[in-house]
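Novice: Let me begin by handing over the structure; questions about it come next.
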Amino acid sequence: GAVVSQHPSWVICKSGTSVKIECRSLDFQATTMFWYRQFPKQSLMLMATSNEGSKATYEQGVEKDKFLINHASLTLSTLTVTSAHPEDSSFYICSARPGGSNTGELFFGEGSRLTVL
Amino acid sequence: GDSVTQMEGPVTLSEEAFLTINCTYTATGYPSLFWYVQYPGEGLQLLLKATKADDKGSNKGFEATYRKETTSFHLEKGSVQVSDSAVYFCALRTGNQFYFGTGTSLTVIP
């Protein structure tokens with residue numbers, strides 16, 4: 001099946017710094033990618049929908065200035081957690097769907113665990 | 001709105017035991033239904049899916065049947081293995097949106 005890769009898989013940073021997480025579709029193009037956040041023992045919470053070449057669409061309650069999303073190409077979306085704080089520590093997962101259709105299987109990255117000290 | 005309600009865990013079973021993880025959904029229209037599995041430290045992987053009523057999805061010994069009359073998509077496996085230890089997520093898709101359940105942690109002990 002299609003492969004989605006995230007980098008880094010884990011990162012530790014100091015409070016106040018910014019962290020960038022990359023999400024790549026390795027063998028397909030994705031006009032749309034999705035960013036989720038997962039707290040321990042909880043479900044995935046959709047943060048935003050990343051659209052290639054345009055602004056991301058954020059879910060209610062997600063600070064767009066805090067979580068910057070850039071989808072510069074058909075195979076790469078990045079999530080930057082700006083001025084990170086300990087409460088931003090979480091598991092961030094991206095997903096993508098091959099092609100431009102709105103149906104079909106969703107493929108997930110391995111996730112990126114962020115720990116803010 | 002659309003949502004998924006999933007059986008709370010954690011669930012602990014002995015090897016070769018029968019597994020059922022309940023999932024019910026609320027949706028307008030005709031959603032597709034999915035089960036995803038998340039192994040420790042990894043992202044989600046599609047386990048099985050069903051796209052219309054009465055469809056049965058199956059993979060790796062797991063099965064789930066799309067029951068429109070009971071709005072359910074329960075996951076079952078006849079004989080679990082230690083390697084099945086993971087978190088299982090029920091999900092539905094309507095249009096371009098996915099909705100996930102809270103996940104059920106399964107631990108299988110030898």
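Identifiers in the structure tokens: chain A, B, ... in order shown; residue index from 1 per chain; ligand index from 1 in order shown.
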Which residues are near A:Pro98? Cut-off 7 Å, only C-alpha atoms, ignore same chain within fewer than 2 positions. Put them as a ChimeraX atom specification.
Specialist: /A:28-30,96,100
Novice: Kindly provide the residues of chain A that approach chain B to within 7 Å, each paired with its closest atom pair and their distance in Å to one decimal, based on only C-alpha atoms, listed by chain and increasing number, as JSON lines.
Specialist:
{"residue": "A:Gln42", "atom": "CA", "partner": "B:Thr102", "partner_atom": "CA", "distance": 5.3}
{"residue": "A:Ser43", "atom": "CA", "partner": "B:Thr102", "partner_atom": "CA", "distance": 4.0}
{"residue": "A:Leu44", "atom": "CA", "partner": "B:Phe100", "partner_atom": "CA", "distance": 6.6}
{"residue": "A:Ile93", "atom": "CA", "partner": "B:Gly43", "partner_atom": "CA", "distance": 6.9}
{"residue": "A:Asn102", "atom": "CA", "partner": "B:Asn96", "partner_atom": "CA", "distance": 5.0}
{"residue": "A:Thr103", "atom": "CA", "partner": "B:Asn96", "partner_atom": "CA", "distance": 6.6}
{"residue": "A:Phe108", "atom": "CA", "partner": "B:Leu44", "partner_atom": "CA", "distance": 5.7}
{"residue": "A:Gly109", "atom": "CA", "partner": "B:Gly43", "partner_atom": "CA", "distance": 5.6}
{"residue": "A:Glu110", "atom": "CA", "partner": "B:Gly43", "partner_atom": "CA", "distance": 3.8}
{"residue": "A:Gly111", "atom": "CA", "partner": "B:Gly43", "partner_atom": "CA", "distance": 5.2}
Novice: Restricting it to N, CA, C and O atoms, dump the selection as a PDB file, in the first residue's frame.
Specialist:
ATOM      1  N   GLN A  42      -6.213   8.439  24.463  1.00  0.00           N
ATOM      2  CA  GLN A  42      -7.349   9.102  23.848  1.00  0.00           C
ATOM      3  C   GLN A  42      -7.318   8.922  22.338  1.00  0.00           C
ATOM      4  O   GLN A  42      -6.350   8.411  21.781  1.00  0.00           O
ATOM      5  N   SER A  43      -8.393   9.333  21.721  1.00  0.00           N
ATOM      6  CA  SER A  43      -8.500   9.161  20.276  1.00  0.00           C
ATOM      7  C   SER A  43      -7.724  10.247  19.537  1.00  0.00           C
ATOM      8  O   SER A  43      -7.139  11.141  20.146  1.00  0.00           O
ATOM      9  N   LEU A  44      -7.755  10.138  18.246  1.00  0.00           N
ATOM     10  CA  LEU A  44      -7.121  11.156  17.420  1.00  0.00           C
ATOM     11  C   LEU A  44      -8.058  12.342  17.294  1.00  0.00           C
ATOM     12  O   LEU A  44      -9.245  12.198  17.040  1.00  0.00           O
ATOM     13  N   ILE A  93       0.129  12.992  14.475  1.00  0.00           N
ATOM     14  CA  ILE A  93       0.052  12.031  13.374  1.00  0.00           C
ATOM     15  C   ILE A  93      -0.501  12.725  12.134  1.00  0.00           C
ATOM     16  O   ILE A  93      -1.472  13.486  12.228  1.00  0.00           O
ATOM     17  N   ASN A 102     -11.927  12.515  -2.793  1.00  0.00           N
ATOM     18  CA  ASN A 102     -12.331  12.634  -1.396  1.00  0.00           C
ATOM     19  C   ASN A 102     -12.709  11.289  -0.792  1.00  0.00           C
ATOM     20  O   ASN A 102     -13.216  11.233   0.316  1.00  0.00           O
ATOM     21  N   THR A 103     -12.482  10.235  -1.537  1.00  0.00           N
ATOM     22  CA  THR A 103     -12.830   8.919  -1.014  1.00  0.00           C
ATOM     23  C   THR A 103     -11.585   8.060  -1.027  1.00  0.00           C
ATOM     24  O   THR A 103     -10.525   8.452  -1.462  1.00  0.00           O
ATOM     25  N   PHE A 108      -1.687   6.584   7.147  1.00  0.00           N
ATOM     26  CA  PHE A 108      -1.167   7.347   8.266  1.00  0.00           C
ATOM     27  C   PHE A 108       0.348   7.251   8.362  1.00  0.00           C
ATOM     28  O   PHE A 108       0.942   6.210   8.067  1.00  0.00           O
ATOM     29  N   GLY A 109       0.946   8.334   8.819  1.00  0.00           N
ATOM     30  CA  GLY A 109       2.355   8.302   9.161  1.00  0.00           C
ATOM     31  C   GLY A 109       2.567   7.586  10.475  1.00  0.00           C
ATOM     32  O   GLY A 109       1.614   7.210  11.163  1.00  0.00           O
ATOM     33  N   GLU A 110       3.839   7.413  10.811  1.00  0.00           N
ATOM     34  CA  GLU A 110       4.175   6.675  12.027  1.00  0.00           C
ATOM     35  C   GLU A 110       3.946   7.498  13.279  1.00  0.00           C
ATOM     36  O   GLU A 110       3.954   6.979  14.388  1.00  0.00           O
ATOM     37  N   GLY A 111       3.746   8.782  13.102  1.00  0.00           N
ATOM     38  CA  GLY A 111       3.548   9.660  14.236  1.00  0.00           C
ATOM     39  C   GLY A 111       4.847  10.280  14.713  1.00  0.00           C
ATOM     40  O   GLY A 111       5.944   9.738  14.498  1.00  0.00           O
TER      41      GLY A 111
END
Novice: Within chain B, find each residue whose DSSP state, derived from the backbone, is strand (DSSP E or B), and express the selection as a ChimeraX atom specification.
Specialist: /B:3-6,11-14,19-21,23-26,32-38,44-50,56-59,62-65,67,72,75-77,86-94,97-100,104-109
Novice: I'd like the contact shell of A:Gln38 - 9 Å cut-off, only C-alpha atoms, skipping same-chain residues fewer than 6 positions apart - returned as a list in words.
Specialist: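 In the requested format, the answer is Leu44, Met45, Leu46, Ser90, Phe91, Tyr92 and Ile93 of chain A.
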Novice: Any idea what the distance is between atom CA of B:Lys77 and atom CA of A:Cys94?
Specialist: 28.5 Å
Novice: Excluding B:Met7 and residues on its chain fewer than 6 positions from it, collect all residues at most 7 Å away from it, counting only C-alpha atoms, and give them as a VMD selection string.
Specialist: chain B and resid 21 to 23 104
Novice: Would you pick out the contacts of stretch 15-26 of chain A at 7 Å or less, using only C-alpha atoms, so that residues sharing its chain but fewer than 6 positions from it are not included, and give the list as a PyMOL selection string?
Specialist: chain A and resi 3-8+75-86+94+116-117
Novice: Considering only C-alpha atoms, return as an mmCIF file with N, CA and C atoms, in the first residue's frame whatever protein or nucleic-acid residues lie within 7 Å of B:Ala27, sequence-local ones (same chain, fewer than 2 positions apart) excluded.
Specialist:
data_model
loop_
_atom_site.group_PDB
_atom_site.id
_atom_site.type_symbol
_atom_site.label_atom_id
_atom_site.label_comp_id
_atom_site.auth_asym_id
_atom_site.auth_seq_id
_atom_site.Cartn_x
_atom_site.Cartn_y
_atom_site.Cartn_z
ATOM 1 N N GLY B 1 -24.094 15.581 15.212
ATOM 2 C CA GLY B 1 -23.122 15.326 14.159
ATOM 3 C C GLY B 1 -22.728 13.859 14.138
ATOM 4 N N ASP B 2 -21.909 13.536 13.173
ATOM 5 C CA ASP B 2 -21.439 12.154 13.052
ATOM 6 C C ASP B 2 -20.460 11.817 14.180
ATOM 7 N N SER B 3 -20.537 10.587 14.641
ATOM 8 C CA SER B 3 -19.656 10.190 15.742
ATOM 9 C C SER B 3 -19.531 8.681 15.815
ATOM 10 N N TYR B 25 -22.152 3.654 15.772
ATOM 11 C CA TYR B 25 -21.920 4.938 15.124
ATOM 12 C C TYR B 25 -23.214 5.718 14.967
ATOM 13 N N GLY B 29 -26.619 10.001 6.300
ATOM 14 C CA GLY B 29 -26.154 9.424 5.049
ATOM 15 C C GLY B 29 -25.661 8.004 5.225
ATOM 16 N N PRO B 31 -22.264 6.122 5.696
ATOM 17 C CA PRO B 31 -20.814 6.183 5.897
ATOM 18 C C PRO B 31 -20.123 4.883 5.522
#
